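Data from upload.cif: mmCIF, C-alpha atoms
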```cif
data_start
loop_
_atom_site.label_atom_id
_atom_site.label_comp_id
_atom_site.auth_asym_id
_atom_site.auth_seq_id
_atom_site.Cartn_x
_atom_site.Cartn_y
_atom_site.Cartn_z
CA MET A 27 98.36 198.89 302.47
CA ASN A 28 100.43 195.95 303.71
CA PHE A 29 98.04 193.46 302.13
CA GLN A 30 98.27 195.19 298.73
CA LEU A 31 102.06 195.31 299.13
CA TYR A 32 102.33 191.56 299.66
CA VAL A 33 99.92 190.84 296.79
CA VAL A 34 101.92 192.96 294.32
CA ILE A 35 105.22 191.39 295.40
CA GLY A 36 103.71 187.89 295.20
CA VAL A 37 102.29 188.46 291.73
CA GLY A 38 105.55 190.02 290.49
CA VAL A 39 107.64 187.12 291.79
CA ALA A 40 105.19 184.50 290.48
CA VAL A 41 105.17 185.97 286.97
CA ARG A 42 108.97 186.08 286.85
CA LEU A 43 109.37 182.51 288.07
CA TRP A 44 106.71 181.27 285.66
CA LEU A 45 108.44 182.93 282.70
CA PHE A 46 111.82 181.56 283.85
CA SER A 47 110.36 178.06 283.69
CA SER A 48 109.33 178.54 280.05
CA ASN A 49 111.26 179.00 276.83
CA VAL A 50 110.40 182.70 276.87
CA SER A 51 113.45 183.40 279.03
CA ASP A 52 115.76 182.21 276.24
CA TYR A 53 113.96 184.45 273.77
CA PHE A 54 114.33 187.56 275.95
CA ALA A 55 117.99 186.72 276.67
CA GLU A 56 118.68 187.10 272.93
CA ARG A 57 116.66 190.27 272.42
CA ASN A 58 118.90 193.30 271.93
CA GLU A 59 116.22 195.57 273.41
CA PHE A 60 116.65 193.87 276.80
CA VAL A 61 120.34 192.96 276.87
CA THR A 62 123.40 194.76 275.56
CA PRO A 63 127.09 193.82 275.21
CA LEU A 64 127.49 195.24 278.73
CA THR A 65 124.59 193.47 280.43
CA ALA A 66 124.10 190.14 278.63
CA TRP A 67 124.30 187.13 280.96
CA LYS A 68 125.82 184.93 278.25
CA ARG A 69 128.82 187.29 278.17
CA VAL A 70 129.13 186.97 281.95
CA VAL A 71 129.13 183.18 281.58
CA GLU A 72 131.91 183.39 278.99
CA GLY A 73 133.87 185.76 281.21
CA LEU A 74 133.49 183.37 284.16
CA ALA A 75 134.69 180.45 282.03
CA LEU A 76 137.85 182.36 281.09
CA HIS A 77 138.39 183.49 284.67
CA ARG A 78 138.13 179.95 286.03
CA ILE A 79 140.81 178.58 283.70
CA GLY A 80 143.18 181.39 284.62
CA VAL A 81 142.74 183.49 281.47
CA SER A 82 141.94 187.18 281.73
CA PRO A 83 138.28 187.73 280.77
CA TYR A 84 139.30 191.04 279.20
CA ILE A 85 141.28 189.33 276.43
CA GLY A 86 139.27 189.69 273.27
CA ASP A 87 135.87 191.34 273.07
CA VAL A 88 133.66 189.23 275.33
CA TYR A 89 133.40 190.57 278.88
CA HIS A 90 133.08 194.26 279.70
CA GLU A 91 132.00 194.46 283.33
CA MET A 92 134.30 195.37 286.21
CA PRO A 93 136.58 192.87 288.04
CA LEU A 94 134.73 193.07 291.37
CA THR A 95 131.44 192.50 289.55
CA LEU A 96 132.97 189.41 287.93
CA ARG A 97 133.83 188.03 291.38
CA LEU A 98 130.30 188.73 292.59
CA TRP A 99 128.72 186.90 289.64
CA ASN A 100 131.23 184.09 290.13
CA TYR A 101 130.07 183.71 293.74
CA PHE A 102 126.40 183.68 292.71
CA ASP A 103 127.04 181.22 289.88
CA ARG A 104 129.00 178.80 292.09
CA THR A 105 126.48 179.06 294.93
CA PHE A 106 123.26 178.78 292.93
CA GLY A 107 124.32 177.12 289.68
CA ASP A 108 121.30 176.53 287.47
CA THR A 109 119.06 178.30 289.99
CA VAL A 110 120.89 181.62 289.57
CA LYS A 111 117.61 182.93 288.17
CA TYR A 112 116.46 183.32 291.79
CA VAL A 113 119.27 185.85 292.29
CA PHE A 114 117.86 188.02 289.52
CA VAL A 115 114.35 187.77 290.96
CA ALA A 116 115.69 188.66 294.41
CA LEU A 117 117.60 191.66 293.03
CA ASP A 118 114.48 192.85 291.22
CA VAL A 119 112.35 192.51 294.35
CA ALA A 120 115.02 194.26 296.42
CA THR A 121 115.02 197.14 293.92
CA ALA A 122 111.23 197.36 294.13
CA LEU A 123 111.30 197.46 297.94
CA VAL A 124 113.97 200.16 297.91
CA LEU A 125 111.84 202.19 295.49
CA TYR A 126 108.89 201.71 297.87
CA GLN A 127 111.01 203.22 300.64
CA VAL A 128 112.11 206.00 298.28
CA ALA A 129 108.46 206.84 297.66
CA THR A 130 107.73 206.78 301.40
CA ASN A 131 110.58 209.16 302.17
CA LEU A 132 109.82 211.42 299.23
CA VAL A 133 106.19 211.80 300.31
CA ALA A 134 107.37 212.89 303.77
CA TYR A 135 109.88 215.30 302.19
CA LEU A 136 107.30 216.86 299.85
CA LEU A 137 104.85 217.38 302.70
CA GLN A 138 107.57 218.92 304.86
CA ARG A 139 108.61 221.29 302.06
CA GLN A 140 104.96 222.24 301.57
CA VAL A 141 104.62 223.21 305.24
CA GLU A 142 107.73 225.38 304.94
CA ASP A 143 106.66 227.06 301.69
CA VAL A 144 102.89 227.31 302.11
CA LYS A 145 103.11 230.98 303.11
CA LYS A 146 104.42 231.76 299.62
CA TYR A 147 101.44 230.11 297.90
CA ASP A 148 98.65 232.12 296.34
CA VAL A 149 95.22 231.72 297.93
CA SER A 150 93.75 230.55 294.61
CA SER A 151 96.16 227.60 294.57
CA VAL A 152 94.45 225.73 297.37
CA LYS A 153 93.41 222.88 295.06
CA LEU A 154 97.06 222.28 294.23
CA ILE A 155 97.99 221.64 297.86
CA LEU A 156 99.37 218.13 298.33
CA LYS A 157 97.36 215.79 300.53
CA ALA A 158 99.02 213.08 302.59
CA ASP A 159 96.35 210.45 301.94
CA VAL A 160 96.62 210.91 298.16
CA LEU A 161 100.43 210.91 298.12
CA ALA A 162 100.53 207.80 300.31
CA TRP A 163 99.21 205.72 297.41
CA SER A 164 102.21 206.75 295.32
CA ARG A 165 104.28 204.15 297.18
CA LEU A 166 102.06 201.32 296.02
CA TYR A 167 101.86 202.70 292.48
CA VAL A 168 105.66 202.79 292.25
CA LEU A 169 105.86 199.20 293.45
CA CYS A 170 103.18 198.09 290.97
CA VAL A 171 104.73 199.88 288.01
CA TYR A 172 108.13 198.36 288.69
CA LEU A 173 107.17 194.79 289.59
CA LEU A 174 104.32 194.43 287.09
CA ASN A 175 105.84 196.40 284.21
CA PRO A 176 106.34 194.03 281.24
CA LEU A 177 109.66 195.70 280.43
CA SER A 178 111.12 195.21 283.90
CA ILE A 179 109.76 191.65 284.02
CA ALA A 180 111.31 190.81 280.65
CA SER A 181 114.63 192.41 281.66
CA CYS A 182 114.74 190.24 284.77
CA VAL A 183 113.80 187.11 282.83
CA ALA A 184 116.50 187.94 280.26
CA LYS A 185 119.02 187.88 283.16
CA SER A 186 120.15 191.39 282.32
CA THR A 187 122.85 192.43 284.77
CA ALA A 188 121.38 195.95 284.60
CA VAL A 189 119.24 194.90 287.58
CA LEU A 190 122.35 195.29 289.75
CA ASN A 191 122.93 198.83 288.50
CA ASN A 192 119.26 199.69 289.02
CA LEU A 193 119.50 198.53 292.63
CA ALA A 194 122.55 200.74 293.21
CA VAL A 195 120.81 203.80 291.72
CA ALA A 196 117.68 203.11 293.79
CA LEU A 197 119.84 203.05 296.92
CA VAL A 198 121.38 206.37 295.87
CA LEU A 199 117.89 207.86 295.78
CA LEU A 200 116.97 206.38 299.15
CA PHE A 201 120.05 207.51 301.04
CA THR A 202 119.93 210.93 299.42
CA LEU A 203 116.45 211.38 300.90
CA LYS A 204 117.84 210.23 304.24
CA ALA A 205 120.71 212.76 303.84
CA ASN A 206 123.23 210.04 304.68
CA ARG A 207 126.41 211.37 303.09
CA LEU A 208 128.55 208.27 303.58
CA ALA A 209 125.96 205.84 302.21
CA VAL A 210 125.14 208.13 299.28
CA SER A 211 128.81 208.44 298.38
CA ILE A 212 129.29 204.67 298.56
CA PHE A 213 126.32 203.84 296.34
CA ILE A 214 127.06 206.59 293.80
CA ALA A 215 130.55 205.10 293.64
CA VAL A 216 129.11 201.59 293.19
CA ALA A 217 126.72 202.74 290.45
CA THR A 218 129.55 204.66 288.75
CA TYR A 219 131.81 201.64 289.07
CA LEU A 220 129.18 199.52 287.33
CA SER A 221 128.23 201.82 284.46
CA LEU A 222 130.14 205.16 284.67
CA TYR A 223 127.24 207.53 283.91
CA PRO A 224 125.76 207.69 287.46
CA ILE A 225 128.67 209.89 288.54
CA VAL A 226 126.43 212.85 287.59
CA LEU A 227 124.14 211.97 290.53
CA VAL A 228 126.74 213.36 292.92
CA VAL A 229 125.52 216.86 292.00
CA PRO A 230 121.87 216.58 293.16
CA ALA A 231 122.93 214.43 296.12
CA ALA A 232 125.46 217.04 297.24
CA ILE A 233 122.89 219.83 296.82
CA PHE A 234 120.24 217.97 298.84
CA ILE A 235 122.61 217.15 301.70
CA ALA A 236 123.97 220.72 301.71
CA GLN A 237 120.44 222.09 302.02
CA LYS A 238 119.79 219.76 304.94
CA ASP A 239 123.05 220.74 306.65
CA SER A 240 122.47 224.47 306.24
CA ASN A 241 118.67 224.36 306.75
CA SER A 242 118.29 226.51 303.65
CA ILE A 243 117.84 226.07 299.91
CA ASN A 244 120.39 228.85 299.46
CA LEU A 245 123.79 227.33 298.70
CA ARG A 246 125.68 230.62 299.03
CA ASN A 247 126.82 230.07 302.60
CA HIS A 248 129.95 228.45 303.93
CA ILE A 249 128.10 225.55 305.57
CA ALA A 250 126.52 224.52 302.25
CA VAL A 251 129.79 224.91 300.33
CA ILE A 252 131.68 222.80 302.87
CA SER A 253 128.93 220.16 302.74
CA VAL A 254 129.06 219.98 298.92
CA VAL A 255 132.84 219.64 298.98
CA GLN A 256 132.62 216.87 301.60
CA THR A 257 130.11 214.90 299.52
CA VAL A 258 132.18 215.23 296.35
CA ILE A 259 135.38 214.21 298.16
CA CYS A 260 133.68 211.21 299.81
CA THR A 261 132.35 210.05 296.45
CA CYS A 262 135.72 210.47 294.72
CA CYS A 263 137.41 208.52 297.53
CA ALA A 264 134.84 205.71 297.26
CA VAL A 265 135.27 205.47 293.48
CA SER A 266 139.05 205.48 293.89
CA LEU A 267 138.90 202.67 296.45
CA LEU A 268 136.79 200.51 294.14
CA LEU A 269 139.13 201.12 291.21
CA TYR A 270 142.23 200.51 293.31
CA GLY A 271 140.66 197.30 294.65
CA SER A 272 140.10 196.20 291.07
CA HIS A 273 143.70 197.07 290.22
CA ALA A 274 144.97 195.05 293.19
CA MET A 275 142.79 192.11 292.14
CA GLN A 276 143.80 192.20 288.47
CA GLY A 277 147.41 193.19 289.03
CA SER A 278 147.21 195.95 286.41
CA TRP A 279 145.04 198.77 285.06
CA ASN A 280 144.36 196.88 281.83
CA PHE A 281 140.72 196.36 282.81
CA LEU A 282 139.92 200.07 282.28
CA GLU A 283 140.06 199.91 278.48
CA PRO A 284 137.62 196.95 278.10
CA THR A 285 135.21 198.49 280.65
CA TYR A 286 135.11 202.28 280.80
CA GLY A 287 136.89 202.49 277.44
CA PHE A 288 134.24 200.20 275.97
CA ILE A 289 131.45 202.46 277.28
CA LEU A 290 133.06 205.67 276.03
CA ASN A 291 134.51 204.53 272.69
CA VAL A 292 131.50 202.38 271.65
CA PRO A 293 133.46 199.80 269.64
CA ASP A 294 130.64 197.22 269.61
CA LEU A 295 127.89 198.45 267.27
CA THR A 296 125.37 195.72 268.04
CA PRO A 297 121.94 197.35 267.54
CA ASN A 298 120.09 198.46 270.69
CA ILE A 299 117.40 200.98 271.61
CA GLY A 300 119.92 203.84 271.62
CA ILE A 301 121.17 206.05 268.81
CA PHE A 302 124.91 205.37 268.88
CA TRP A 303 125.02 202.12 266.94
CA TYR A 304 123.52 203.34 263.65
CA PHE A 305 125.39 206.64 263.46
CA PHE A 306 128.77 205.07 264.09
CA THR A 307 128.09 202.25 261.65
CA GLU A 308 127.73 204.92 258.97
CA MET A 309 130.46 207.24 260.31
CA PHE A 310 133.75 207.79 258.48
CA GLU A 311 136.62 206.76 260.74
CA HIS A 312 138.39 210.15 260.73
CA PHE A 313 135.22 211.82 262.11
CA ARG A 314 134.62 209.16 264.75
CA LEU A 315 136.43 210.73 267.72
CA PHE A 316 134.73 214.10 267.25
CA PHE A 317 131.24 212.61 267.10
CA ILE A 318 131.96 210.24 269.99
CA CYS A 319 132.66 213.32 272.10
CA VAL A 320 129.54 215.07 270.77
CA PHE A 321 127.30 212.10 271.56
CA GLN A 322 128.81 211.28 274.95
CA ILE A 323 128.66 214.84 276.22
CA HIS A 324 124.86 214.72 276.12
CA ALA A 325 124.84 212.38 279.11
CA PHE A 326 126.75 214.94 281.20
CA ILE A 327 126.29 218.46 279.86
CA TYR A 328 122.70 218.94 281.02
CA VAL A 329 123.80 218.66 284.65
CA VAL A 330 124.88 222.32 284.73
CA PRO A 331 121.75 224.10 283.40
CA LEU A 332 119.37 221.75 285.19
CA SER A 333 121.23 222.15 288.48
CA ILE A 334 121.01 225.92 288.17
CA ARG A 335 117.27 225.83 287.46
CA LEU A 336 116.29 223.00 289.83
CA HIS A 337 118.72 223.53 292.71
CA HIS A 338 115.74 224.08 295.02
CA GLN A 339 114.30 220.65 294.02
CA PRO A 340 117.33 218.30 294.04
CA ILE A 341 115.29 215.06 294.12
CA PHE A 342 113.41 216.00 290.97
CA LEU A 343 116.76 217.03 289.48
CA MET A 344 118.15 213.58 290.31
CA TYR A 345 115.15 211.93 288.67
CA ILE A 346 115.59 213.96 285.46
CA LEU A 347 119.30 213.09 285.35
CA ILE A 348 118.50 209.37 285.76
CA ALA A 349 116.10 209.63 282.81
CA LEU A 350 118.67 211.47 280.68
CA MET A 351 121.25 208.79 281.47
CA ALA A 352 118.85 206.14 280.19
CA ILE A 353 118.33 208.09 276.96
CA PHE A 354 121.88 209.15 276.13
CA LYS A 355 124.06 206.30 277.42
CA SER A 356 125.95 204.36 274.77
CA TYR A 357 124.36 200.96 275.48
CA PRO A 358 120.81 201.51 276.79
CA SER A 359 118.19 198.84 277.28
CA TYR A 360 114.58 198.54 278.39
CA ALA A 361 115.83 197.90 281.93
CA ASP A 362 116.98 201.55 282.12
CA LEU A 363 113.69 202.79 280.69
CA ALA A 364 111.59 200.63 283.04
CA PHE A 365 113.50 201.87 286.08
CA TYR A 366 112.80 205.56 285.70
CA VAL A 367 109.29 205.06 284.32
CA SER A 368 108.45 203.16 287.53
CA LEU A 369 109.19 206.37 289.47
CA LEU A 370 106.71 208.47 287.48
CA PRO A 371 103.92 208.03 290.09
CA LEU A 372 106.07 210.06 292.49
CA TRP A 373 105.21 213.12 290.38
CA ARG A 374 101.54 212.36 289.82
CA HIS A 375 100.62 215.69 291.45
CA VAL A 376 102.06 217.53 288.41
CA MET A 377 100.81 215.17 285.69
CA GLY A 378 97.68 217.25 285.17
CA TYR A 379 99.92 219.80 283.48
CA MET A 380 101.45 217.32 281.04
CA ARG A 381 100.28 217.90 277.47
CA ASN A 382 101.42 214.87 275.50
CA ASN A 383 100.42 211.88 277.63
CA PHE A 384 98.47 210.15 274.89
CA VAL A 385 101.11 210.71 272.20
CA ILE A 386 103.93 209.48 274.45
CA THR A 387 101.96 206.39 275.53
CA VAL A 388 101.14 205.46 271.94
CA MET A 389 104.76 205.97 270.87
CA PHE A 390 106.02 203.63 273.59
CA ALA A 391 103.37 201.00 272.81
CA VAL A 392 104.09 201.08 269.08
CA CYS A 393 107.85 200.82 269.67
CA VAL A 394 107.60 197.85 272.03
CA VAL A 395 105.42 195.99 269.54
CA LEU A 396 107.21 196.92 266.31
CA ALA A 397 110.85 196.66 267.44
CA PRO A 398 110.99 192.83 267.34
CA VAL A 399 108.91 192.79 264.14
CA LEU A 400 111.28 195.10 262.30
CA TRP A 401 114.28 193.22 263.68
CA HIS A 402 112.82 189.99 262.25
CA LEU A 403 112.18 191.62 258.88
CA TRP A 404 115.74 192.93 258.79
CA VAL A 405 117.80 190.05 260.22
CA GLN A 406 115.73 186.89 259.77
CA ALA A 407 113.47 187.53 256.77
CA GLY A 408 115.88 189.81 254.91
CA SER A 409 113.00 191.86 253.52
CA ALA A 410 114.02 195.10 255.30
CA ASN A 411 117.23 196.90 256.16
CA ALA A 412 118.89 198.63 259.10
CA ASN A 413 116.97 201.85 258.45
CA PHE A 414 113.73 200.15 259.50
CA TYR A 415 115.08 199.13 262.90
CA PHE A 416 116.90 202.42 263.42
CA ALA A 417 113.65 204.28 262.75
CA ILE A 418 111.96 202.50 265.66
CA THR A 419 114.89 203.11 268.01
CA LEU A 420 114.77 206.78 267.03
CA VAL A 421 111.09 206.84 267.96
CA ILE A 422 111.91 205.25 271.34
CA CYS A 423 114.48 207.98 272.04
CA SER A 424 112.06 210.67 270.86
CA ALA A 425 109.29 209.34 273.11
CA GLN A 426 111.63 209.43 276.10
CA ILE A 427 112.71 213.00 275.30
CA PHE A 428 109.06 214.03 274.96
CA LEU A 429 108.34 212.42 278.32
CA VAL A 430 111.21 214.17 280.10
CA THR A 431 110.55 217.60 278.59
CA ASP A 432 106.81 217.32 279.20
CA LEU A 433 107.35 216.30 282.82
CA LEU A 434 109.84 219.14 283.29
CA PHE A 435 107.34 221.63 281.88
CA ALA A 436 104.57 220.24 284.10
CA PHE A 437 106.75 220.49 287.20
CA LEU A 438 107.75 224.10 286.53
CA ARG A 439 104.19 225.12 285.63
CA HIS A 440 102.89 223.53 288.83
CA GLU A 441 105.45 225.53 290.82
CA PHE A 442 104.47 228.72 288.99
CA ASP A 443 100.78 228.25 289.72
CA LEU A 444 101.44 227.56 293.39
CA ILE A 445 103.18 230.92 293.76
CA HIS A 446 101.18 233.08 291.33
CA GLY A 447 97.80 231.36 291.49
CA VAL A 448 95.78 229.44 288.96
CA LYS A 449 93.69 232.44 287.92
CA ARG A 450 95.19 234.39 285.04
CA PRO A 451 94.74 238.18 284.82
CA ILE A 452 92.46 239.43 282.03
CA ILE A 453 94.25 241.37 279.28
CA ASP A 454 92.24 242.78 276.37
CA GLY A 455 89.30 240.66 277.45
CA LYS A 456 91.27 237.40 277.37
CA PRO A 457 93.14 235.44 280.10
CA ALA A 458 96.87 236.18 279.98
CA GLN A 459 99.05 233.43 278.55
CA VAL A 460 101.84 232.08 280.79
CA ILE A 461 105.17 231.58 279.01
CA LEU A 462 107.87 229.74 280.94
CA GLU A 463 111.30 231.03 279.95
#
```
How would this structure read if it were set down as structure tokens?
Amino acid sequence: MNFQLYVVIGVGVAVRLWLFSSNVSDYFAERNEFVTPLTAWKRVVEGLALHRIGVSPYIGDVYHEMPLTLRLWNYFDRTFGDTVKYVFVALDVATALVLYQVATNLVAYLLQRQVEDVKKYDVSSVKLILKADVLAWSRLYVLCVYLLNPLSIASCVAKSTAVLNNLAVALVLLFTLKANRLAVSIFIAVATYLSLYPIVLVVPAAIFIAQKDSNSINLRNHIAVISVVQTVICTCCAVSLLLYGSHAMQGSWNFLEPTYGFILNVPDLTPNIGIFWYFFTEMFEHFRLFFICVFQIHAFIYVVPLSIRLHHQPIFLMYILIALMAIFKSYPSYADLAFYVSLLPLWRHVMGYMRNNFVITVMFAVCVVLAPVLWHLWVQAGSANANFYFAITLVICSAQIFLVTDLLFAFLRHEFDLIHGVKRPIIDGKPAQVILE
């Protein structure tokens, strides 16, 4: 396994460095599928230029990342200069290694849960029992899918600052599996500080840690309630410290409007792979606030029903919430998509129940190929219009929704068959149909 690990890392690093040495990196850095107004490196460079001459980078509509992040990029830029590309490669490799550890810890957790729950399983479900040797390969698959995925490679080569957010979210996953409350709270706060939406991850993290503290999946005991409250308070304190540190550094709270306000109000309607830009280009101004609330609530509202249904599987709940963030955030990119797709091998034991694998795969392939073509026809050639490009972004969102719902169905059906068996009772001479409500 170690040999394969080093080979995958070596190939991933070599491909990234090779592409950085070519003109392809400049092409990807301009592609709106890979960079957004929040994650474009050229905006960071402009923000750094303003910062270095003593002008606030938040004047105007150029820089929209947080003040501490600006200082971090300033350090990297001054230290590495023209070789800052190595920082992005290092961050990408670090994310991949963290995901490898996530897979390792998740395999151990799944096997432990299986030992605890095996008495509930039906005897006919023996073929669904997880095997350690099969699950062990999931670690390598996760590493391969992340490091060798063309979308994650292109996002790195484009110098998308989303790689920093992906690293923070990966660390949230890792320390949740380790049930380390302090570390989880810190990295949820960091991820929230960077892009706001990861605040929803406090729910599955708190549930997981509470279950570990109380040694039960039942959260209706005082130990679990106290644990949940502690995790939420720790996270809120960590977020508050980061924001107060930014306030102390900037000398005012004016940075909130160009950062969090920019994410929530969506003033920049540069096309991306999301659905916000087209709708609000066409929207009448007096309806804008209402529909902003309607669109933004999608990134948060599903936490409640999913937490109720999946409270006994908080890691899978966290994965679904990460995917929903990537779909419904105001400025998504392929970096968000590549991150959660790289974790799909963790659930390979339920993929046999997925019904739309071929359709979803074709939709993604068509979108990746046609998106730059339709952009060229619209912007460069002038032989198409915005509807063409919006159609392909709508297909991207639809493919992601199909993927999430199909995986959710597969997971619940797998659970059902473990408990009730894979053999259906015969009714009127036909096998009974299972309907998941």
With distances taken over all atoms listed in the file, which of A:Trp373, A:Trp279, A:Trp303, A:Phe390 is nearest to Leu156 of chain A? A:Trp373
Considering only C-alpha atoms, return as an MDAnalysis selection string whatever protein or nucleic-acid residues lie within 10 Å of Leu74 of chain A, sequence-local ones (same chain, fewer than 5 positions apart) excluded. chainID A and resid 68:69 79:83 89 96:97 99:100 103
Residue nearest Val189 of chain A - candidates A:Leu220, A:Met389, A:Met380, A:Ala231, atoms counted: all atoms listed in the file: A:Leu220
Enumerate, as a ChimeraX atom specification, the residues matched when the PyMOL selection byres ((chain A and resi 442) around 12) is run on the file above. /A:146-148,151,154,376,379,435-441,443-450,460-463
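Nearest to Ala209 of chain A of all the residues A:Pro293, A:Thr431, A:Gln138, A:Val195 is A:Val195, based on only C-alpha atoms.
Checking A:Cys260, A:Asn280, A:Tyr357, A:Ala180 one by one against Val50 of chain A, counting all atoms listed in the file, you find the shortest gap at A:Ala180.
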Per residue of segment 162-278 of chain A within 7 Å of segment 109-117 of chain A, note the shortest atom pair and the distance in Å to one decimal, counting all atoms listed in the file, and order the rows by chain and increasing residue number, as a Markdown table.
```
| residue | atom | partner | partner_atom | distance |
| --- | --- | --- | --- | --- |
| A:Cys182 | CA | A:Phe114 | CA | 6.1 |
| A:Lys185 | CA | A:Phe114 | CA | 6.5 |
| A:Val189 | CA | A:Leu117 | CA | 6.5 |
| A:Leu190 | CA | A:Leu117 | CA | 6.8 |
```
Please expand the PyMOL selection byres ((chain A and resi 329) around 9) into the concrete residues it hits in this file, giving the result as JSON, numbers by chain. {"A": [226, 227, 229, 230, 325, 326, 327, 328, 330, 331, 332, 333, 334, 343, 347]}
Selected residues written out, C-alpha atoms, as a short mmCIF file (atom, residue, chain, number, x, y, z; two decimals), in the coordinates of the input:
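The new file selection14.cif reads:
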```
data_model
loop_
_atom_site.label_atom_id
_atom_site.label_comp_id
_atom_site.auth_asym_id
_atom_site.auth_seq_id
_atom_site.Cartn_x
_atom_site.Cartn_y
_atom_site.Cartn_z
CA VAL A 226 126.43 212.85 287.59
CA LEU A 227 124.14 211.97 290.53
CA VAL A 229 125.52 216.86 292.00
CA PRO A 230 121.87 216.58 293.16
CA ALA A 325 124.84 212.38 279.11
CA PHE A 326 126.75 214.94 281.20
CA ILE A 327 126.29 218.46 279.86
CA TYR A 328 122.70 218.94 281.02
CA VAL A 330 124.88 222.32 284.73
CA PRO A 331 121.75 224.10 283.40
CA LEU A 332 119.37 221.75 285.19
CA SER A 333 121.23 222.15 288.48
CA ILE A 334 121.01 225.92 288.17
CA LEU A 343 116.76 217.03 289.48
CA LEU A 347 119.30 213.09 285.35
#
```
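The space separating atom CA of Leu267 of chain A from atom CA of Glu91 of chain A comes to 16.9 Å.
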Using all atoms listed in the file and a cutoff of 10 Å, can you tell me which residues are near (125.9, 200.1, 286.6) in the file's coordinates, and write them out as a PyMOL selection string? chain A and resi 64-65+91-92+95+187-195+214-224
Show me the residues close to (134.0, 206.5, 297.3) - anything with an atom within 9 Å, counting only C-alpha atoms - and format the list as a PyMOL selection string. chain A and resi 208+211-216+258-268
Using the selection just defined, write its residues with C-alpha atoms as a tab-separated table (two decimals), in the coordinates of the input.
```tsv
chain	number	residue	atom	x	y	z
A	208	LEU	CA	128.55	208.27	303.58
A	211	SER	CA	128.81	208.44	298.38
A	212	ILE	CA	129.29	204.67	298.56
A	213	PHE	CA	126.32	203.84	296.34
A	214	ILE	CA	127.06	206.59	293.80
A	215	ALA	CA	130.55	205.10	293.64
A	216	VAL	CA	129.11	201.59	293.19
A	258	VAL	CA	132.18	215.23	296.35
A	259	ILE	CA	135.38	214.21	298.16
A	260	CYS	CA	133.68	211.21	299.81
A	261	THR	CA	132.35	210.05	296.45
A	262	CYS	CA	135.72	210.47	294.72
A	263	CYS	CA	137.41	208.52	297.53
A	264	ALA	CA	134.84	205.71	297.26
A	265	VAL	CA	135.27	205.47	293.48
A	266	SER	CA	139.05	205.48	293.89
A	267	LEU	CA	138.90	202.67	296.45
A	268	LEU	CA	136.79	200.51	294.14
```
Hey, what comes out of the PyMOL selection byres ((chain A and resi 403-419) around 8) on this file? Could you write it as a PyMOL selection string? chain A and resi 298-301+304+393+396-397+399-402+420-423
Of A:Phe102, A:Tyr167, A:Phe54, A:Phe288, the one sitting nearest Pro371 of chain A when using all atoms listed in the file is A:Tyr167
Just the number, please: distance in Å from atom CA of Val430 of chain A to atom CA of Lys238 of chain A, one decimal. 26.9 Å
For Gly107 of chain A, which residue among A:Val71, A:Ala120, A:Val395, A:Leu199 is the nearest when counting all atoms listed in the file? A:Val71
Atomic distance atom CA of Arg104 of chain A - atom CA of Pro358 of chain A, expressed in Å with one decimal: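 According to the coordinates, atom CA of Arg104 of chain A and atom CA of Pro358 of chain A are separated by 28.6 Å.
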Excluding segment 28-35 of chain A and any residue of its chain fewer than 6 positions from it, enumerate the residues within 12 Å of it, using only C-alpha atoms, and give them as a PyMOL selection string. chain A and resi 41-42+115-116+118-123+126+163+165-175
Where atoms are lacking, segment 321-327 of chain A completed to N, CA, C and O atoms, as a PDB file, in the frame of the given file:
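Printed below is out-v3.pdb as written:
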```pdb
ATOM      1  N   PHE A 321     128.374 212.959 271.062  1.00  0.00           N
ATOM      2  CA  PHE A 321     127.300 212.100 271.560  1.00  0.00           C
ATOM      3  C   PHE A 321     127.428 211.872 273.064  1.00  0.00           C
ATOM      4  O   PHE A 321     126.434 211.924 273.788  1.00  0.00           O
ATOM      5  N   GLN A 322     128.632 211.603 273.536  1.00  0.00           N
ATOM      6  CA  GLN A 322     128.810 211.280 274.950  1.00  0.00           C
ATOM      7  C   GLN A 322     128.552 212.481 275.867  1.00  0.00           C
ATOM      8  O   GLN A 322     128.091 212.311 276.995  1.00  0.00           O
ATOM      9  N   ILE A 323     128.814 213.662 275.372  1.00  0.00           N
ATOM     10  CA  ILE A 323     128.660 214.840 276.220  1.00  0.00           C
ATOM     11  C   ILE A 323     127.206 215.076 276.603  1.00  0.00           C
ATOM     12  O   ILE A 323     126.923 215.710 277.619  1.00  0.00           O
ATOM     13  N   HIS A 324     126.276 214.539 275.812  1.00  0.00           N
ATOM     14  CA  HIS A 324     124.860 214.720 276.120  1.00  0.00           C
ATOM     15  C   HIS A 324     124.478 214.082 277.464  1.00  0.00           C
ATOM     16  O   HIS A 324     123.546 214.543 278.122  1.00  0.00           O
ATOM     17  N   ALA A 325     125.164 213.044 277.846  1.00  0.00           N
ATOM     18  CA  ALA A 325     124.840 212.380 279.110  1.00  0.00           C
ATOM     19  C   ALA A 325     125.310 213.187 280.316  1.00  0.00           C
ATOM     20  O   ALA A 325     124.904 212.896 281.445  1.00  0.00           O
ATOM     21  N   PHE A 326     126.155 214.188 280.084  1.00  0.00           N
ATOM     22  CA  PHE A 326     126.750 214.940 281.200  1.00  0.00           C
ATOM     23  C   PHE A 326     126.467 216.437 281.164  1.00  0.00           C
ATOM     24  O   PHE A 326     126.368 217.068 282.210  1.00  0.00           O
ATOM     25  N   ILE A 327     126.315 217.005 279.976  1.00  0.00           N
ATOM     26  CA  ILE A 327     126.290 218.460 279.860  1.00  0.00           C
ATOM     27  C   ILE A 327     125.044 219.090 280.471  1.00  0.00           C
ATOM     28  O   ILE A 327     125.070 220.243 280.934  1.00  0.00           O
TER      29      ILE A 327
END
```
